[in-house]
Each structure stands twice: as structure tokens, then as C-alpha cells.
file work_28.txt (compact mmCIF, C-alpha atoms)
# COMPACT_ATOMS: atom_id res chain seq x y z
CA MET E 1 177.45 43.58 85.98
CA GLU E 2 176.77 39.90 85.41
CA GLY E 3 173.74 38.86 83.35
CA LEU E 4 171.36 38.20 86.24
CA GLU E 5 172.49 41.30 88.12
CA ARG E 6 171.79 43.38 85.05
CA ILE E 7 168.34 41.83 84.70
CA VAL E 8 167.59 42.59 88.36
CA ALA E 9 168.92 46.15 88.02
CA GLU E 10 166.79 46.74 84.93
CA HIS E 11 163.58 45.58 86.60
CA PRO E 12 161.48 48.68 87.45
CA PHE E 13 160.86 47.44 90.98
CA PHE E 14 164.58 47.63 91.75
CA ALA E 15 165.24 50.88 89.88
CA GLY E 16 167.78 53.00 91.73
CA LEU E 17 168.65 50.31 94.24
CA GLY E 18 172.37 50.79 93.81
CA GLU E 19 175.03 48.33 92.72
CA ALA E 20 175.87 46.91 96.15
CA PHE E 21 172.25 46.16 97.05
CA THR E 22 171.55 44.88 93.55
CA THR E 23 174.38 42.41 94.00
CA LEU E 24 172.91 41.29 97.33
CA VAL E 25 169.43 40.84 95.84
CA SER E 26 170.80 39.08 92.78
CA GLY E 27 172.45 36.54 95.05
CA CYS E 28 168.95 35.36 95.96
CA ALA E 29 167.55 35.55 92.41
CA LYS E 30 167.11 33.29 89.42
CA ASN E 31 165.35 33.47 86.09
CA VAL E 32 162.14 31.49 85.74
CA ARG E 33 159.42 31.01 83.14
CA PHE E 34 155.88 29.73 83.36
CA GLU E 35 153.76 28.51 80.48
CA ALA E 36 150.24 29.83 80.02
CA GLY E 37 147.95 28.21 82.57
CA GLN E 38 150.77 27.11 84.85
CA TYR E 39 150.53 28.12 88.49
CA LEU E 40 153.30 30.12 90.15
CA PHE E 41 151.91 29.07 93.51
CA HIS E 42 148.72 28.02 95.24
CA GLU E 43 146.88 29.33 98.29
CA GLY E 44 148.32 27.79 101.45
CA ASP E 45 151.69 26.94 99.91
CA PRO E 46 154.80 28.13 101.76
CA ALA E 47 155.88 31.51 100.39
CA ASN E 48 159.42 30.37 99.76
CA GLU E 49 160.00 32.56 96.75
CA PHE E 50 158.32 35.54 95.15
CA TYR E 51 158.44 36.88 91.62
CA MET E 52 159.23 40.01 89.69
CA VAL E 53 157.37 39.80 86.38
CA ARG E 54 159.41 40.67 83.31
CA HIS E 55 157.04 39.51 80.61
CA GLY E 56 153.41 38.40 80.49
CA ASN E 57 150.57 38.67 82.96
CA VAL E 58 149.80 36.74 86.12
CA ALA E 59 146.26 36.35 87.47
CA LEU E 60 145.81 36.45 91.24
CA GLN E 61 142.84 34.28 92.09
CA LEU E 62 140.66 33.07 94.91
CA ASN E 63 138.23 30.23 94.82
CA ALA E 64 134.87 31.44 96.08
CA PRO E 65 132.21 28.90 96.98
CA GLY E 66 129.41 29.06 94.45
CA ARG E 67 131.35 31.41 92.18
CA GLY E 68 134.31 29.27 91.24
CA THR E 69 137.64 30.92 90.53
CA VAL E 70 137.54 34.70 90.82
CA THR E 71 140.42 36.79 89.54
CA PHE E 72 140.85 39.93 91.63
CA LEU E 73 144.01 41.33 90.08
CA THR E 74 146.32 40.79 87.16
CA VAL E 75 149.97 41.64 87.59
CA GLY E 76 152.07 42.60 84.61
CA PRO E 77 155.64 43.40 83.61
CA GLY E 78 157.54 45.49 86.12
CA GLU E 79 155.43 44.40 89.07
CA PRO E 80 155.97 41.92 91.91
CA VAL E 81 153.84 38.86 92.56
CA GLY E 82 153.45 38.04 96.22
CA VAL E 83 154.00 39.88 99.49
CA SER E 84 153.19 37.08 101.94
CA TRP E 85 156.88 36.16 102.04
CA LEU E 86 157.37 39.32 104.13
CA ILE E 87 155.31 38.35 107.16
CA PRO E 88 154.74 35.16 109.16
CA PRO E 89 153.48 32.55 108.64
CA TYR E 90 154.99 33.02 105.13
CA LYS E 91 152.18 31.27 103.28
CA TRP E 92 150.39 32.36 100.11
CA THR E 93 146.84 33.55 100.57
CA PHE E 94 145.76 33.20 96.92
CA ASP E 95 146.60 31.34 93.73
CA ALA E 96 148.81 32.91 91.06
CA GLN E 97 148.39 31.63 87.51
CA ALA E 98 150.26 32.60 84.35
CA ARG E 99 147.79 34.03 81.83
CA GLU E 100 150.30 33.60 79.03
CA LEU E 101 153.98 32.83 78.84
CA VAL E 102 155.46 34.57 81.87
CA ARG E 103 159.13 35.35 82.35
CA ALA E 104 160.07 36.49 85.80
CA ILE E 105 162.83 36.86 88.33
CA ALA E 106 162.24 34.45 91.22
CA ILE E 107 163.71 35.56 94.51
CA ASP E 108 164.43 33.16 97.35
CA ALA E 109 162.38 34.66 100.17
CA THR E 110 164.38 33.24 103.08
CA CYS E 111 167.62 34.34 101.48
CA LEU E 112 166.39 37.92 101.00
CA ARG E 113 164.77 38.10 104.44
CA ASN E 114 168.07 37.04 106.01
CA LYS E 115 169.99 39.64 104.04
CA CYS E 116 167.49 42.33 104.99
CA GLU E 117 167.80 41.31 108.63
CA ALA E 118 171.58 41.46 108.43
CA ASP E 119 171.64 44.78 106.58
CA HIS E 120 168.81 47.06 107.65
CA ASP E 121 169.68 49.62 104.98
CA LEU E 122 168.90 46.97 102.37
CA GLY E 123 165.84 45.95 104.38
CA TYR E 124 164.58 49.53 104.44
CA GLU E 125 165.04 49.88 100.68
CA VAL E 126 163.18 46.65 100.04
CA MET E 127 160.41 47.59 102.49
CA LYS E 128 159.97 51.05 100.93
CA ARG E 129 159.45 49.45 97.53
CA PHE E 130 156.99 46.90 98.85
CA MET E 131 155.18 49.53 100.90
CA THR E 132 154.55 51.52 97.71
CA ILE E 133 153.09 48.41 96.10
CA LEU E 134 150.99 47.63 99.16
CA VAL E 135 149.55 51.15 99.46
CA THR E 136 148.80 51.30 95.73
CA ARG E 137 147.02 47.95 95.89
CA LEU E 138 145.16 48.97 99.04
CA GLN E 139 143.85 52.08 97.26
CA ALA E 140 142.87 50.00 94.25
CA THR E 141 141.11 47.54 96.54
CA GLN E 142 139.18 50.41 98.12
CA LEU E 143 137.88 51.36 94.67
CA GLN E 144 136.95 47.76 93.94
CA ILE E 145 135.12 47.42 97.25
CA LEU E 146 133.28 50.69 96.63
CA ASP E 147 132.02 49.21 93.37
CA VAL E 148 132.24 52.64 91.76
CA TYR E 149 130.61 51.44 88.55
CA GLY E 150 127.63 50.08 90.40
CA THR E 151 124.19 51.64 90.29
CA PRO E 152 124.28 55.09 91.93
CA ALA E 153 122.35 55.30 95.18
CA MET T 1 91.43 71.64 63.42
CA SER T 2 94.30 74.10 63.37
CA THR T 3 97.14 73.90 60.91
CA ALA T 4 99.61 73.34 63.71
CA LEU T 5 97.81 70.21 64.84
CA GLN T 6 97.90 68.77 61.33
CA LEU T 7 101.68 69.00 61.17
CA ASP T 8 103.71 65.86 61.46
CA PRO T 9 105.75 66.57 64.58
CA ILE T 10 108.86 65.12 62.98
CA ALA T 11 108.58 67.68 60.19
CA ALA T 12 108.01 70.61 62.51
CA PRO T 13 110.65 73.36 62.32
CA ALA T 14 113.36 73.37 64.93
CA ALA T 15 112.70 75.60 67.85
CA ALA T 16 115.05 78.55 68.03
CA ASP T 17 114.54 78.80 71.77
CA PRO T 18 117.10 76.50 73.41
CA LEU T 19 114.63 75.71 76.16
CA ILE T 20 112.03 74.29 73.78
CA PRO T 21 112.64 70.74 72.63
CA HIS T 22 111.72 69.54 69.20
CA VAL T 23 110.24 66.16 68.65
CA ALA T 24 112.53 63.45 67.34
CA ARG T 25 111.96 59.85 66.45
CA VAL T 26 113.89 56.79 67.59
CA LEU T 27 115.44 54.97 64.65
CA ARG T 28 116.93 52.08 66.53
CA ARG T 29 117.48 50.80 70.04
CA ARG T 30 120.30 48.50 71.03
CA ARG T 31 121.27 46.99 74.36
CA ASP T 32 124.88 47.75 75.28
CA GLY T 33 125.06 46.44 78.82
CA PRO T 34 122.97 44.93 81.61
CA ASP T 35 121.16 48.26 82.18
CA VAL T 36 122.58 50.32 79.33
CA TRP T 37 120.82 51.05 76.05
CA THR T 38 121.86 52.99 73.00
CA LEU T 39 119.26 54.97 71.07
CA GLU T 40 119.77 56.13 67.53
CA ILE T 41 117.63 59.19 66.97
CA GLU T 42 116.66 61.09 63.86
CA PRO T 43 117.31 64.72 64.77
CA ASP T 44 115.82 67.82 63.24
CA PRO T 45 117.97 68.67 60.20
CA ALA T 46 118.32 72.21 61.49
CA MET T 47 119.93 71.03 64.70
CA ALA T 48 123.52 72.22 65.07
CA PRO T 49 126.23 69.56 64.84
CA PHE T 50 127.67 68.46 68.15
CA ALA T 51 131.25 68.46 69.33
CA PRO T 52 132.68 65.41 71.14
CA GLY T 53 131.80 65.66 74.82
CA GLN T 54 128.68 67.78 74.38
CA PHE T 55 125.26 66.66 75.58
CA ASN T 56 121.62 66.96 74.63
CA MET T 57 118.53 67.21 76.78
CA LEU T 58 116.24 64.26 76.08
CA THR T 59 112.60 64.25 77.14
CA ALA T 60 110.63 61.14 77.90
CA PHE T 61 107.18 62.61 77.46
CA GLY T 62 105.10 62.47 80.59
CA VAL T 63 108.09 61.55 82.72
CA GLY T 64 110.77 64.21 82.46
CA GLU T 65 113.95 65.46 80.88
CA ALA T 66 117.57 64.39 81.37
CA ALA T 67 120.98 65.47 80.13
CA ILE T 68 122.59 62.72 78.09
CA SER T 69 125.97 62.94 76.39
CA VAL T 70 126.14 62.18 72.70
CA SER T 71 127.95 58.88 72.15
CA GLY T 72 127.98 58.72 68.35
CA ASP T 73 130.30 59.80 65.59
CA PRO T 74 130.49 63.60 65.25
CA ALA T 75 131.14 63.20 61.52
CA GLU T 76 127.84 61.48 60.99
CA ARG T 77 124.80 63.52 59.96
CA GLY T 78 121.17 62.54 60.21
CA ARG T 79 121.57 60.23 63.15
CA LEU T 80 122.19 61.13 66.77
CA VAL T 81 123.39 58.43 69.11
CA HIS T 82 122.87 58.48 72.86
CA THR T 83 123.87 55.77 75.31
CA ILE T 84 121.77 55.76 78.43
CA ARG T 85 122.07 53.91 81.68
CA ALA T 86 118.74 53.24 83.35
CA VAL T 87 119.21 54.59 86.86
CA GLY T 88 116.19 56.82 87.48
CA ALA T 89 112.64 57.41 86.25
CA VAL T 90 113.62 59.53 83.23
CA SER T 91 116.61 57.51 82.09
CA SER T 92 114.65 54.28 82.57
CA ALA T 93 111.77 55.67 80.49
CA LEU T 94 114.21 56.74 77.78
CA THR T 95 115.75 53.28 77.63
CA ARG T 96 112.29 51.79 77.10
CA LEU T 97 111.76 53.83 73.92
CA ASP T 98 111.93 51.73 70.80
CA ARG T 99 111.98 52.18 67.06
CA GLY T 100 109.35 54.68 65.95
CA ASP T 101 108.77 56.17 69.40
CA VAL T 102 109.16 59.90 69.83
CA LEU T 103 111.04 61.90 72.41
CA GLY T 104 111.91 65.53 73.03
CA LEU T 105 115.34 66.72 71.99
CA ARG T 106 117.20 69.98 72.47
CA GLY T 107 120.86 70.79 72.22
CA PRO T 108 123.70 70.35 71.78
CA PHE T 109 124.95 72.02 74.92
CA GLY T 110 128.15 72.57 76.83
CA VAL T 111 131.86 72.50 76.30
CA GLY T 112 133.32 69.29 74.90
CA TRP T 113 136.68 67.56 74.81
CA PRO T 114 139.73 69.62 73.75
CA MET T 115 140.19 68.00 70.36
CA ASP T 116 141.99 70.99 68.84
CA GLU T 117 144.20 71.62 71.86
CA ALA T 118 145.25 67.97 71.76
CA VAL T 119 146.48 68.15 68.16
CA GLY T 120 150.17 67.28 67.97
CA ARG T 121 150.20 65.79 71.47
CA ASP T 122 149.85 62.30 72.83
CA VAL T 123 146.33 61.58 74.02
CA VAL T 124 145.45 59.27 76.88
CA VAL T 125 141.76 58.51 77.26
CA VAL T 126 140.75 57.14 80.66
CA ALA T 127 137.20 55.82 80.81
CA GLY T 128 135.35 54.17 83.64
CA GLY T 129 132.11 52.24 83.23
CA VAL T 130 129.47 54.06 81.22
CA GLY T 131 131.91 57.00 81.10
CA LEU T 132 133.15 55.49 77.85
CA ALA T 133 129.99 56.80 76.14
CA PRO T 134 130.82 60.53 76.32
CA LEU T 135 134.36 59.71 75.23
CA ARG T 136 133.36 57.68 72.19
CA PRO T 137 132.82 60.73 69.94
CA ALA T 138 136.34 61.86 70.87
CA LEU T 139 137.67 58.42 69.95
CA TYR T 140 135.87 58.56 66.59
CA ARG T 141 137.52 61.93 65.96
CA LEU T 142 140.94 60.63 67.04
CA TYR T 143 140.59 57.68 64.68
CA ALA T 144 139.35 59.87 61.83
CA GLU T 145 142.22 62.29 62.24
CA ARG T 146 144.81 59.84 63.55
CA ALA T 147 147.78 61.52 61.86
CA ARG T 148 147.19 64.78 63.71
CA TYR T 149 147.93 63.26 67.11
CA GLY T 150 150.87 61.54 68.75
CA LYS T 151 150.52 58.27 70.64
CA ILE T 152 146.98 57.50 71.67
CA ALA T 153 145.96 55.20 74.50
CA LEU T 154 142.48 54.19 75.59
CA LEU T 155 142.44 52.86 79.14
CA TYR T 156 139.03 51.48 79.96
CA GLY T 157 137.88 49.99 83.22
CA THR T 158 134.53 48.59 84.17
CA ARG T 159 132.89 46.35 86.69
CA SER T 160 132.98 42.96 84.99
CA PRO T 161 133.38 41.55 81.47
CA ALA T 162 129.57 41.63 81.04
CA ASP T 163 129.61 45.39 81.63
CA ILE T 164 132.04 46.27 78.84
CA LEU T 165 130.37 48.96 76.80
CA PHE T 166 130.42 48.82 72.97
CA ARG T 167 132.23 45.51 73.31
CA ALA T 168 132.32 44.58 69.62
CA GLU T 169 133.57 48.02 68.71
CA VAL T 170 136.23 48.02 71.42
CA GLU T 171 137.43 44.63 70.17
CA ALA T 172 137.53 45.96 66.61
CA TRP T 173 139.53 48.96 67.78
CA ARG T 174 141.96 46.65 69.55
CA ARG T 175 142.68 44.88 66.28
CA ARG T 176 143.89 48.16 64.88
CA LEU T 177 147.43 48.82 65.92
CA ASP T 178 147.49 52.61 65.80
CA ILE T 179 145.86 53.11 69.18
CA ASP T 180 146.91 51.31 72.35
CA ILE T 181 143.78 49.92 74.00
CA GLU T 182 143.80 48.37 77.44
CA VAL T 183 140.68 47.07 79.11
CA THR T 184 140.47 46.02 82.73
CA VAL T 185 137.61 44.83 84.92
CA ASP T 186 137.23 44.99 88.67
CA HIS T 187 136.59 41.28 88.97
CA ALA T 188 136.15 38.34 86.65
CA ASP T 189 135.66 34.63 86.54
CA ALA T 190 137.99 32.19 84.83
CA SER T 191 136.49 32.80 81.39
CA TRP T 192 137.98 36.32 81.23
CA HIS T 193 141.51 36.41 79.90
CA GLY T 194 142.05 40.13 80.04
CA ARG T 195 143.30 42.37 82.81
CA VAL T 196 141.75 42.57 86.26
CA GLY T 197 142.19 45.57 88.52
CA VAL T 198 141.15 49.19 88.64
CA VAL T 199 141.55 51.38 85.57
CA THR T 200 143.93 53.73 87.36
CA ASN T 201 146.46 50.87 87.48
CA LEU T 202 146.70 51.08 83.70
CA ILE T 203 147.94 54.66 83.72
CA ALA T 204 151.38 53.75 85.06
CA ARG T 205 151.75 51.12 82.33
CA ALA T 206 150.59 53.25 79.40
CA GLU T 207 153.12 54.70 77.00
CA PHE T 208 152.80 58.46 76.53
CA ASP T 209 154.90 61.56 76.99
CA PRO T 210 153.66 63.06 80.27
CA HIS T 211 154.96 66.49 79.26
CA HIS T 212 153.22 66.51 75.91
CA VAL T 213 149.88 64.85 76.46
CA ALA T 214 146.19 65.60 76.82
CA ALA T 215 144.43 63.26 79.24
CA LEU T 216 140.67 62.90 78.81
CA VAL T 217 139.01 61.34 81.84
CA CYS T 218 135.38 60.33 82.28
CA GLY T 219 133.74 58.02 84.76
CA PRO T 220 132.42 57.98 88.30
CA GLU T 221 133.75 61.00 90.15
CA ILE T 222 135.74 58.95 92.65
CA MET T 223 137.38 57.09 89.78
CA MET T 224 138.29 60.42 88.19
CA ARG T 225 139.85 61.62 91.46
CA PHE T 226 142.07 58.55 91.62
CA GLY T 227 142.68 58.86 87.89
CA VAL T 228 143.99 62.39 88.31
CA MET T 229 146.24 61.18 91.15
CA ALA T 230 147.66 58.44 88.94
CA LEU T 231 148.19 60.88 86.07
CA ARG T 232 150.01 63.27 88.41
CA LYS T 233 152.17 60.39 89.60
CA ALA T 234 152.98 59.66 85.95
CA GLY T 235 154.13 63.28 85.57
CA VAL T 236 151.08 64.79 83.85
CA ALA T 237 150.34 68.39 84.82
CA ASP T 238 146.84 69.32 85.98
CA GLU T 239 146.40 71.71 83.05
CA ASP T 240 146.78 68.78 80.65
CA VAL T 241 144.00 66.78 82.31
CA TYR T 242 140.35 67.17 81.29
CA VAL T 243 137.47 65.68 83.23
CA SER T 244 133.78 65.42 82.40
CA MET T 245 131.60 66.36 85.33
CA GLU T 246 128.15 65.02 85.99
CA ARG T 247 125.66 67.18 87.84
CA SER T 248 121.90 67.50 87.80
CA MET T 249 121.35 69.61 84.70
CA LYS T 250 117.87 71.00 84.15
CA CYS T 251 117.82 74.04 81.88
CA ALA T 252 121.18 73.34 80.18
CA VAL T 253 121.72 77.06 79.52
CA ALA T 254 122.91 78.31 82.93
CA PHE T 255 119.58 79.82 84.00
CA CYS T 256 118.39 77.55 86.75
CA GLY T 257 121.50 76.84 88.79
CA HIS T 258 120.75 73.17 89.38
CA CYS T 259 124.17 72.17 88.08
CA GLN T 260 126.10 74.97 89.69
CA LEU T 261 129.44 73.80 91.01
CA GLY T 262 130.88 76.68 93.00
CA PRO T 263 131.42 79.49 90.51
CA VAL T 264 130.76 77.40 87.39
CA PHE T 265 127.72 75.97 85.71
CA VAL T 266 128.39 72.45 84.54
CA CYS T 267 125.87 72.78 81.69
CA ARG T 268 127.42 75.92 80.21
CA ASP T 269 131.06 75.88 81.34
CA GLY T 270 131.36 72.10 81.16
CA PRO T 271 130.63 69.26 81.29
CA VAL T 272 134.28 68.97 80.24
CA PHE T 273 136.64 71.02 82.38
CA ARG T 274 140.37 71.45 82.39
CA TYR T 275 141.25 69.98 85.74
CA ASP T 276 143.36 72.86 87.05
CA ARG T 277 140.34 75.15 86.64
CA ILE T 278 138.10 73.11 88.94
CA ARG T 279 140.75 71.43 91.07
CA ASP T 280 139.86 73.45 94.17
CA ILE T 281 136.17 72.61 94.03
CA PHE T 282 136.49 69.10 92.64
CA ALA T 283 136.69 67.36 95.99
CA VAL T 284 134.52 69.67 98.08
CA LYS T 285 132.05 67.29 99.65
CA GLU T 286 129.24 69.84 99.84
CA LEU T 287 129.40 70.38 96.07

call {"tool": "encode", "arguments": {"input": "work_28.txt", "output": "C-alpha cells"}}
result
Amino acid sequence: MEGLERIVAEHPFFAGLGEAFTTLVSGCAKNVRFEAGQYLFHEGDPANEFYMVRHGNVALQLNAPGRGTVTFLTVGPGEPVGVSWLIPPYKWTFDAQARELVRAIAIDATCLRNKCEADHDLGYEVMKRFMTILVTRLQATQLQILDVYGTPA
Amino acid sequence: MSTALQLDPIAAPAAADPLIPHVARVLRRRRDGPDVWTLEIEPDPAMAPFAPGQFNMLTAFGVGEAAISVSGDPAERGRLVHTIRAVGAVSSALTRLDRGDVLGLRGPFGVGWPMDEAVGRDVVVVAGGVGLAPLRPALYRLYAERARYGKIALLYGTRSPADILFRAEVEAWRRRLDIDIEVTVDHADASWHGRVGVVTNLIARAEFDPHHVAALVCGPEIMMRFGVMALRKAGVADEDVYVSMERSMKCAVAFCGHCQLGPVFVCRDGPVFRYDRIRDIFAVKEL
């Protein structure tokens, strides 16, 4: 395996993807780094690429009137940043800011979408992995909404 | 005047009857959160030492009695520490007690954390909100006897940075490198540089051997349910998971049935239970 392919294969999100699919994904990937405080993307930006964090933490933020910037999730090593690249209109719905030095794999969203469209087996594998992330985050969001640490009724 | 009335209540002998409280004096009161207070209490010297995870019954005279877990160091004598969240009439009255005030005290009661069973294993401590308080004695013990355990992780989640319990102590623990401590909050403003998200997210990231671990979980019941799910997903068996249940405890000695949870009494058989032993009744809505 080439260097980037090996990095993609070693990322927990792509664990067990298989060599052929890893090669396809790697064709859309590149290594990136963000300094602490730097934004990966902003709300409303086109979701042209998404990220697989390898090192550091990324804060997902929304700006709430009267409350300023609110962080609702931090994403760490082994996890993806961004799912809006999967569905139209392919625009980010929050800001993503590096909390510290972040190293990540950036994946060209159009490139991967096209490959998933052309090869539905790859598409299914990618969707299964993102579905796991989405369901996990949905459950976490339910707990946050329930405010379980709030004053008991 | 009778002899009994001349006695200083603090010097009165401990009651042998577990239902009769003795009178104890507050040594110190400290605020540990927006509605959370920690009381340091001078217990009767005859009072039995507590095990991590056990609780006492505290009486706010003229108001009522409540079960409160001990949150202090089990190695310490002469000072009992209780951390109380003001949520009802009794707990609110207890949190208003200050230095020199007296309260009723009886205990300790119940089954605590499995400190001996955990020896030689990794230990993952999952705490949510004020649930860190009943786990703090276990953490003191783990620190005191660090060499007896494998990897240790404290995963602590709470509502916001302002709600972090024992904040100075948690920060001091983090500076030590022999226990992995991760703190997350449900939401935060830009001044918070730590993790944001639910505490169960931390379980997948923690380093421990899922086949050789004791998981100690305490927090709101719904958080514990999701915590157990995350531990299972990480490969931890139900018999290696321990949860601390909270029910309305009145007598504390399994007489009254107020805390009955199916076939068990939380006051006597708990509050700490091995999860596989209460798994079937854990999520029964009527209980």
C-alpha cells in the first residue's frame, strides 16, 4: 500500500473496508492539518470535502443569538467531521474549528459521491459507516436534549 | 433537669439501633456547584467506617431525612463528607446547614463499589453530573492503592463547565498521569476548551481491556442505561458493570419497602448493584 492508502486503511472509520475500496477512497483523499483556532469550514459553506480526524479535537459550533458561539460536540481522533456532503444541498450547517493542532484526512466529497454512485457496493459500505455515526450522534443528541443532569422533576 | 438533658448532644453515645440517628455537627460547608453543597460533618467516634459507595441517612431537624452517599475519603477518620444537591425540601434544608449547625446522622448503609473484586483489573469509572460524588470515595481508594489495579479511567460528563463537581480536585487529578481522566460537558461556550458531548461518547475512546475490567457507573438512570449500552458495545460483559441506583430510601434497613425494586431493596442490597443482577428490572418503567 502507498503511504496515503495506508493512512486511510489505518483510520478506524475505514477499518475492514478492503483493499480495493480503500484504493478507491484514497483516490479522493489527501492529508491536511489545521492549527489551533483555525476553521475547517463555516456554516453555509459548500461541503466540498469532509474530514477524518487523525490527531487533535475539532469543535462543532453554532452561533446562537444572545449566547454567542455554542459548542455542541467535539470530534476526536478516529471520527469523521461532517455529514452534510452526503445530502443536497451539500452545505455545512455548523462551524468546525480546530481546538488544537489537528491532523486529518480530507476527502473530496464530489469525488467520493461519484465513486459511490458508480459502485453501489462501495456506496453501501460508506453509507453503513456513516449511518453508525449518525445513529450514535442522534442518540447522544437525545440525551443532550433531555438535559439528564438537569433538576429532577 | 434530668441528666440526659444536660448532656451535650455531640458527646452523646452512638445509638445502637440503626433507626435512631445520633446528632452530629457540621464542621464546614462548601459550594461545589450551582445547587450543590458539600458538608463536612463530625461523626460520632463510635460510628462504623464507611466503604466507598455506601450512604448515610441525614436528618434536617424539623424537615425530614434523606439518604446521601458519602463523598469523602474512606481512609479519613473524624470527618464525614457528604455532597448534596438541593432538589427537595430535605436536601435543600441540608444544604443550608452551616458550620456549627447540627443534623441527625445514621449509617453507613448499603453495599458499595466492588473495590476488592476490581483488584488486578482495569477500572473504568463513568460518572454523570452529581453522580461523581458517590464515586469519589472509590477514586480516593483507587489513588491510594494505585498499584493494585490495572489501567484506570475516569470518564466524567456533566451539563456545562459551571456544573463540574469538585473542579479543583478533578484538575489536580488530571495533572497526575497514572489515571486517565476525561471530562465532557453537554454544551459550552467558547471559553471551554475541553470536550463537548455526552459522557457515553468517551467510553469508546477510553483505553481499557474490556475482558478484564470493572466498570463503575453512577449518574442519572437514563445516562446509566446508555452507559451500559456503550460499555457492551466496547465488549464489556454485564457482570463486570456496576451501577449505583437511586430510589426513595426511608428506613435504610429493608423494613419499609420504599426503595424496593422488584425483588431487591436498594438500601440493603444496593445502592451499588452488579448490572447482570438487576438487568431485567433496570428498565421496567413501573419500577

call {"tool": "residues_around", "arguments": {"input": "work_28.txt", "residues": "Gln61 (chain E)", "least_positions_apart": "6", "cutoff": "8 Å", "atoms": "only C-alpha atoms", "output": "PyMOL selection string"}}
result
chain E and resi 69-73+94-97

call {"tool": "closest_residue", "arguments": {"input": "work_28.txt", "among": "E:Thr74, E:Thr141, E:Thr110, E:Asn63", "to": "chain T", "atoms": "only C-alpha atoms"}}
result
E:Thr74

call {"tool": "interface_residues", "arguments": {"input": "work_28.txt", "of": "chain E", "to": "chain T", "cutoff": "10 Å", "atoms": "only C-alpha atoms", "output": "ChimeraX atom specification"}}
result
/E:57-63,67-78,99-100,136-137,139-153

call {"tool": "write_last_selection", "arguments": {"input": "work_28.txt", "atoms": "C-alpha atoms", "output": "short mmCIF file (atom, residue, chain, number, x, y, z; two decimals), in the coordinates of the input"}}
result
data_model
loop_
_atom_site.label_atom_id
_atom_site.label_comp_id
_atom_site.auth_asym_id
_atom_site.auth_seq_id
_atom_site.Cartn_x
_atom_site.Cartn_y
_atom_site.Cartn_z
CA ASN E 57 150.57 38.67 82.96
CA VAL E 58 149.80 36.74 86.12
CA ALA E 59 146.26 36.35 87.47
CA LEU E 60 145.81 36.45 91.24
CA GLN E 61 142.84 34.28 92.09
CA LEU E 62 140.66 33.07 94.91
CA ASN E 63 138.23 30.23 94.82
CA ARG E 67 131.35 31.41 92.18
CA GLY E 68 134.31 29.27 91.24
CA THR E 69 137.64 30.92 90.53
CA VAL E 70 137.54 34.70 90.82
CA THR E 71 140.42 36.79 89.54
CA PHE E 72 140.85 39.93 91.63
CA LEU E 73 144.01 41.33 90.08
CA THR E 74 146.32 40.79 87.16
CA VAL E 75 149.97 41.64 87.59
CA GLY E 76 152.07 42.60 84.61
CA PRO E 77 155.64 43.40 83.61
CA GLY E 78 157.54 45.49 86.12
CA ARG E 99 147.79 34.03 81.83
CA GLU E 100 150.30 33.60 79.03
CA THR E 136 148.80 51.30 95.73
CA ARG E 137 147.02 47.95 95.89
CA GLN E 139 143.85 52.08 97.26
CA ALA E 140 142.87 50.00 94.25
CA THR E 141 141.11 47.54 96.54
CA GLN E 142 139.18 50.41 98.12
CA LEU E 143 137.88 51.36 94.67
CA GLN E 144 136.95 47.76 93.94
CA ILE E 145 135.12 47.42 97.25
CA LEU E 146 133.28 50.69 96.63
CA ASP E 147 132.02 49.21 93.37
CA VAL E 148 132.24 52.64 91.76
CA TYR E 149 130.61 51.44 88.55
CA GLY E 150 127.63 50.08 90.40
CA THR E 151 124.19 51.64 90.29
CA PRO E 152 124.28 55.09 91.93
CA ALA E 153 122.35 55.30 95.18
#

call {"tool": "closest_residue", "arguments": {"input": "work_28.txt", "among": "E:Glu19, E:Glu5, E:Glu49, E:Glu35", "to": "Leu112 (chain E)", "atoms": "only C-alpha atoms"}}
result
E:Glu49

call {"tool": "residues_around", "arguments": {"input": "work_28.txt", "residues": "region 103-118 of chain T", "least_positions_apart": "2", "cutoff": "7 Å", "atoms": "only C-alpha atoms", "output": "count of residues only"}}
result
33

call {"tool": "atom_distance", "arguments": {"input": "work_28.txt", "atom1": "CA of Pro89 (chain E)", "atom2": "CA of Asp108 (chain E)"}}
result
15.7 Å

call {"tool": "axis_aligned_box", "arguments": {"input": "work_28.txt", "around": "region 171-174 of chain T", "padding_each_side": "8 Å", "output": "lines of an AutoDock Vina configuration file"}}
result
center_x = 139.7
center_y = 46.8
center_z = 68.4
size_x = 20.5
size_y = 20.3
size_z = 19.6

call {"tool": "closest_residue", "arguments": {"input": "work_28.txt", "among": "T:Leu165, T:Val213, T:Cys259, T:Val36", "to": "Ala153 (chain T)", "atoms": "all atoms listed in the file"}}
result
T:Val213

call {"tool": "closest_residue", "arguments": {"input": "work_28.txt", "among": "E:Pro12, E:Gly3, E:Pro80, E:Gly18", "to": "Val53 (chain E)", "atoms": "only C-alpha atoms"}}
result
E:Pro80

call {"tool": "atom_distance", "arguments": {"input": "work_28.txt", "atom1": "CA of Val243 (chain T)", "atom2": "CA of Arg146 (chain T)"}}
result
21.8 Å

call {"tool": "atom_distance", "arguments": {"input": "work_28.txt", "atom1": "CA of Ala133 (chain T)", "atom2": "CA of Phe282 (chain T)"}}
result
21.6 Å

call {"tool": "closest_residue", "arguments": {"input": "work_28.txt", "among": "E:Gly66, E:Thr22, E:Glu10, E:Val81", "to": "Tyr39 (chain E)", "atoms": "only C-alpha atoms"}}
result
E:Val81

call {"tool": "residues_around", "arguments": {"input": "work_28.txt", "residues": "Asn31 (chain E)", "least_positions_apart": "6", "cutoff": "12 Å", "atoms": "all atoms listed in the file", "output": "short mmCIF file (atom, residue, chain, number, x, y, z; two decimals) with C-alpha atoms, in the coordinates of the input"}}
result
data_model
loop_
_atom_site.label_atom_id
_atom_site.label_comp_id
_atom_site.auth_asym_id
_atom_site.auth_seq_id
_atom_site.Cartn_x
_atom_site.Cartn_y
_atom_site.Cartn_z
CA GLY E 3 173.74 38.86 83.35
CA LEU E 4 171.36 38.20 86.24
CA GLU E 5 172.49 41.30 88.12
CA ARG E 6 171.79 43.38 85.05
CA ILE E 7 168.34 41.83 84.70
CA VAL E 8 167.59 42.59 88.36
CA GLU E 49 160.00 32.56 96.75
CA PHE E 50 158.32 35.54 95.15
CA TYR E 51 158.44 36.88 91.62
CA MET E 52 159.23 40.01 89.69
CA VAL E 53 157.37 39.80 86.38
CA ARG E 54 159.41 40.67 83.31
CA HIS E 55 157.04 39.51 80.61
CA VAL E 102 155.46 34.57 81.87
CA ARG E 103 159.13 35.35 82.35
CA ALA E 104 160.07 36.49 85.80
CA ILE E 105 162.83 36.86 88.33
CA ALA E 106 162.24 34.45 91.22
CA ILE E 107 163.71 35.56 94.51
CA ASP E 108 164.43 33.16 97.35
#

call {"tool": "residues_around", "arguments": {"input": "work_28.txt", "residues": "Glu171 (chain T)", "least_positions_apart": "4", "cutoff": "10 Å", "atoms": "all atoms listed in the file", "output": "list of chain:residue names"}}
result
T:Phe166, T:Arg167, T:Arg175, T:Arg176, T:Ile181, T:Val183

call {"tool": "closest_residue", "arguments": {"input": "work_28.txt", "among": "T:Arg148, T:Arg30, T:Arg274, T:Arg136", "to": "Val70 (chain T)", "atoms": "all atoms listed in the file"}}
result
T:Arg136
